[in-house]
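> There's a structure below that I have some questions on.
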Amino acid sequence: MSIPIAEEPRSARKRRAIVEAATTVFLRNGYLGTSMDEIAALAGVSKQTVYKHFADKKGLFAEIVSSTVDEASETVHGEVLKLEDSGDVAADLGDLARRQLAAVMQPRLLQLRRLVIGESGRFPELGRVFYERGPGRTVAALAATFERLDARGVLDLDDPLLAAQHFNWLIMSIPLNEAMLLGHDAPPDRADLDRYADTGVAVFLAAYGRP
């Protein structure tokens, strides 16, 4: 159970304020354009307080990457695990695809993904964290779930991991590539996202579904 804001320890409130301020500044200015002074000012704390919680700017950036990706992937991961008991795989895959797109296409997450890609040469480990806690985690859960659905006779596949990767990119490749390469931070219209989700699921089931 989360602690009400009024009862949250002062140190935790300051840490949360620092992370929120740093996220705003990093996404606005990029890594090199961000200073600890600016983060401290926006968070309403001293620079010494920032360094008390985070040893350096790199550590603070790493915290933002991991916490943001974890928050976005947690709900999707839970939905994936529920699929193995599905009584209507087509409908449930459609619901999952829509939720997955809604999570991935959040403006802040798109901005962070673009920033992590831009900094991958400087901080390759952060790209690994983003992948492993985000798309990698989702694909691994999909693969395990698809394997169980194959055992139930609902899907017909030889390589669960490849099938999971196919599902993931059938759903996300169009809007995500457009957002990354064209600089779009606002998500597409909901109707467009639903269309990507529904047609992606239809193609996936045409390849892997059992009659």
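Ordering of the structure tokens sets the chain letters (A, B, ...), residue numbers begin anew at 1 in every chain, and ligands are numbered from 1 in the order given.
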Name all residues at most 9 Å from A:Ala22 (count only C-alpha atoms; drop same-chain ones fewer than 3 positions away) and give them as a list in words.

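Within the cut-off, the hits are Ala17, Ile18, Val19, Val25, Phe26, Leu27, Thr34, Met36, Glu38, Ile39, Ala40, Leu42, Ala43, Leu60, Phe61 and Ile64 of chain A.
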
> Keeping only N, CA and C atoms, write the selected residues to a file as a PDB file, in the first residue's frame.


ATOM      1  N   ALA A  17      10.562  14.654  -5.973  1.00  0.00           N
ATOM      2  CA  ALA A  17      10.584  15.959  -6.637  1.00  0.00           C
ATOM      3  C   ALA A  17      11.792  16.089  -7.554  1.00  0.00           C
ATOM      4  N   ILE A  18      12.927  15.562  -7.115  1.00  0.00           N
ATOM      5  CA  ILE A  18      14.148  15.617  -7.923  1.00  0.00           C
ATOM      6  C   ILE A  18      13.984  14.800  -9.200  1.00  0.00           C
ATOM      7  N   VAL A  19      13.431  13.595  -9.066  1.00  0.00           N
ATOM      8  CA  VAL A  19      13.240  12.729 -10.240  1.00  0.00           C
ATOM      9  C   VAL A  19      12.261  13.367 -11.228  1.00  0.00           C
ATOM     10  N   VAL A  25      13.586  18.222 -17.251  1.00  0.00           N
ATOM     11  CA  VAL A  25      14.737  18.940 -17.802  1.00  0.00           C
ATOM     12  C   VAL A  25      15.480  18.081 -18.826  1.00  0.00           C
ATOM     13  N   PHE A  26      15.692  16.802 -18.518  1.00  0.00           N
ATOM     14  CA  PHE A  26      16.387  15.931 -19.468  1.00  0.00           C
ATOM     15  C   PHE A  26      15.630  15.838 -20.789  1.00  0.00           C
ATOM     16  N   LEU A  27      14.313  15.666 -20.705  1.00  0.00           N
ATOM     17  CA  LEU A  27      13.527  15.531 -21.928  1.00  0.00           C
ATOM     18  C   LEU A  27      13.466  16.832 -22.708  1.00  0.00           C
ATOM     19  N   THR A  34      21.604  19.460 -19.868  1.00  0.00           N
ATOM     20  CA  THR A  34      20.997  19.488 -18.535  1.00  0.00           C
ATOM     21  C   THR A  34      22.065  19.675 -17.471  1.00  0.00           C
ATOM     22  N   MET A  36      22.810  19.975 -13.124  1.00  0.00           N
ATOM     23  CA  MET A  36      22.270  19.666 -11.803  1.00  0.00           C
ATOM     24  C   MET A  36      21.709  20.916 -11.140  1.00  0.00           C
ATOM     25  N   GLU A  38      20.050  23.329 -12.646  1.00  0.00           N
ATOM     26  CA  GLU A  38      18.713  23.541 -13.178  1.00  0.00           C
ATOM     27  C   GLU A  38      17.722  22.550 -12.573  1.00  0.00           C
ATOM     28  N   ILE A  39      18.156  21.303 -12.399  1.00  0.00           N
ATOM     29  CA  ILE A  39      17.303  20.294 -11.779  1.00  0.00           C
ATOM     30  C   ILE A  39      16.965  20.688 -10.351  1.00  0.00           C
ATOM     31  N   ALA A  40      17.981  21.114  -9.594  1.00  0.00           N
ATOM     32  CA  ALA A  40      17.760  21.515  -8.200  1.00  0.00           C
ATOM     33  C   ALA A  40      16.783  22.675  -8.113  1.00  0.00           C
ATOM     34  N   LEU A  42      14.407  23.572 -10.260  1.00  0.00           N
ATOM     35  CA  LEU A  42      13.051  23.167 -10.605  1.00  0.00           C
ATOM     36  C   LEU A  42      12.426  22.307  -9.511  1.00  0.00           C
ATOM     37  N   ALA A  43      13.252  21.501  -8.845  1.00  0.00           N
ATOM     38  CA  ALA A  43      12.750  20.635  -7.771  1.00  0.00           C
ATOM     39  C   ALA A  43      12.528  21.398  -6.470  1.00  0.00           C
ATOM     40  N   LEU A  60      21.424   9.835 -11.946  1.00  0.00           N
ATOM     41  CA  LEU A  60      20.074  10.378 -11.970  1.00  0.00           C
ATOM     42  C   LEU A  60      19.375  10.038 -13.289  1.00  0.00           C
ATOM     43  N   PHE A  61      20.094  10.148 -14.386  1.00  0.00           N
ATOM     44  CA  PHE A  61      19.542   9.795 -15.693  1.00  0.00           C
ATOM     45  C   PHE A  61      19.160   8.319 -15.725  1.00  0.00           C
ATOM     46  N   ILE A  64      15.909   7.699 -13.941  1.00  0.00           N
ATOM     47  CA  ILE A  64      14.756   8.134 -14.738  1.00  0.00           C
ATOM     48  C   ILE A  64      14.412   7.098 -15.799  1.00  0.00           C
TER      49      ILE A  64
END

> Which polymer residues have any atom within 9 Å of an atom of stretch 156-162 of chain A, counting only C-alpha atoms, with same-chain residues fewer than 5 positions away left out, as a list in words?

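Once the adjacent positions are removed, what remains is Val139, Ala140, Leu142, Ala143, Ala144, Thr145, Phe146, Glu147, Leu149, Asp150, Ala151, Phe167, Ala207, Tyr208, Gly209 and Arg210 of chain A.
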
> Rounded to one decimal in Å, what is the spacing between atom CA of A:Leu155 and atom CA of A:Ala103?

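Atom CA of A:Ala103 lies at a distance of 25.4 Å from atom CA of A:Leu155.
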
> Write down as an MDAnalysis selection string the residues belonging to stretch 43-86 of chain A that are assigned alpha helix (DSSP H) by DSSP computed on the backbone.

chainID A and resid 43 47:53 57:82

> Mind giving me the straight-line distance from atom CA of A:Asp70 to atom CA of A:Phe130 in Å, one decimal?

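Taking atom CA of A:Asp70 as the start and atom CA of A:Phe130 as the end point, the length is 8.8 Å.
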
> Using only C-alpha atoms, which protein or nucleic acid residues come within 10 Å of A:Val65? Drop anything in the same chain fewer than 4 positions from it, and give the result as a list in words.

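These residues fall inside the cut-off: Thr23, Gly59, Leu60, Phe61, Val69, Asp70, Leu109, Leu112, Arg113, Leu115, Val116, Leu126, Gly127, Val129, Phe130 and Arg133 of chain A.
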
> Give one line per residue of stretch 99-177 of chain A that approaches stretch 74-78 of chain A to at most 8 Å, naming the two atoms of the closest pair and their distance in Å to one decimal, counting only C-alpha atoms; sort by chain then ascending residue number and deliver it as a Markdown table.


| residue | atom | partner | partner_atom | distance |
| --- | --- | --- | --- | --- |
| A:Arg99 | CA | A:Val76 | CA | 7.0 |
| A:Gln100 | CA | A:Val76 | CA | 6.0 |
| A:Ala103 | CA | A:Val76 | CA | 7.7 |
| A:Arg137 | CA | A:His77 | CA | 7.5 |
| A:Thr138 | CA | A:His77 | CA | 5.9 |
| A:Ala141 | CA | A:His77 | CA | 6.8 |

> Filtering to N, CA, C and O atoms, could you give me those residues as a PDB file, in the first residue's frame?


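Saved file part28.pdb follows:
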ATOM      1  N   ARG A  99      -3.963  -1.788 -25.417  1.00  0.00           N
ATOM      2  CA  ARG A  99      -3.322  -1.304 -24.189  1.00  0.00           C
ATOM      3  C   ARG A  99      -1.818  -1.120 -24.388  1.00  0.00           C
ATOM      4  O   ARG A  99      -1.213  -0.173 -23.883  1.00  0.00           O
ATOM      5  N   GLN A 100      -1.209  -2.051 -25.099  1.00  0.00           N
ATOM      6  CA  GLN A 100       0.225  -1.976 -25.341  1.00  0.00           C
ATOM      7  C   GLN A 100       0.580  -0.725 -26.138  1.00  0.00           C
ATOM      8  O   GLN A 100       1.517   0.003 -25.798  1.00  0.00           O
ATOM      9  N   ALA A 103       0.281   2.409 -24.012  1.00  0.00           N
ATOM     10  CA  ALA A 103       1.401   2.573 -23.086  1.00  0.00           C
ATOM     11  C   ALA A 103       2.659   3.044 -23.804  1.00  0.00           C
ATOM     12  O   ALA A 103       3.337   3.979 -23.366  1.00  0.00           O
ATOM     13  N   ARG A 137      11.187  -7.347 -21.899  1.00  0.00           N
ATOM     14  CA  ARG A 137      10.357  -7.993 -20.888  1.00  0.00           C
ATOM     15  C   ARG A 137       9.001  -8.390 -21.458  1.00  0.00           C
ATOM     16  O   ARG A 137       8.497  -9.488 -21.199  1.00  0.00           O
ATOM     17  N   THR A 138       8.417  -7.504 -22.255  1.00  0.00           N
ATOM     18  CA  THR A 138       7.121  -7.794 -22.856  1.00  0.00           C
ATOM     19  C   THR A 138       7.212  -8.969 -23.819  1.00  0.00           C
ATOM     20  O   THR A 138       6.366  -9.878 -23.810  1.00  0.00           O
ATOM     21  N   ALA A 141       7.541 -12.276 -21.978  1.00  0.00           N
ATOM     22  CA  ALA A 141       6.255 -12.698 -21.402  1.00  0.00           C
ATOM     23  C   ALA A 141       5.314 -13.199 -22.490  1.00  0.00           C
ATOM     24  O   ALA A 141       4.600 -14.190 -22.300  1.00  0.00           O
TER      25      ALA A 141
END
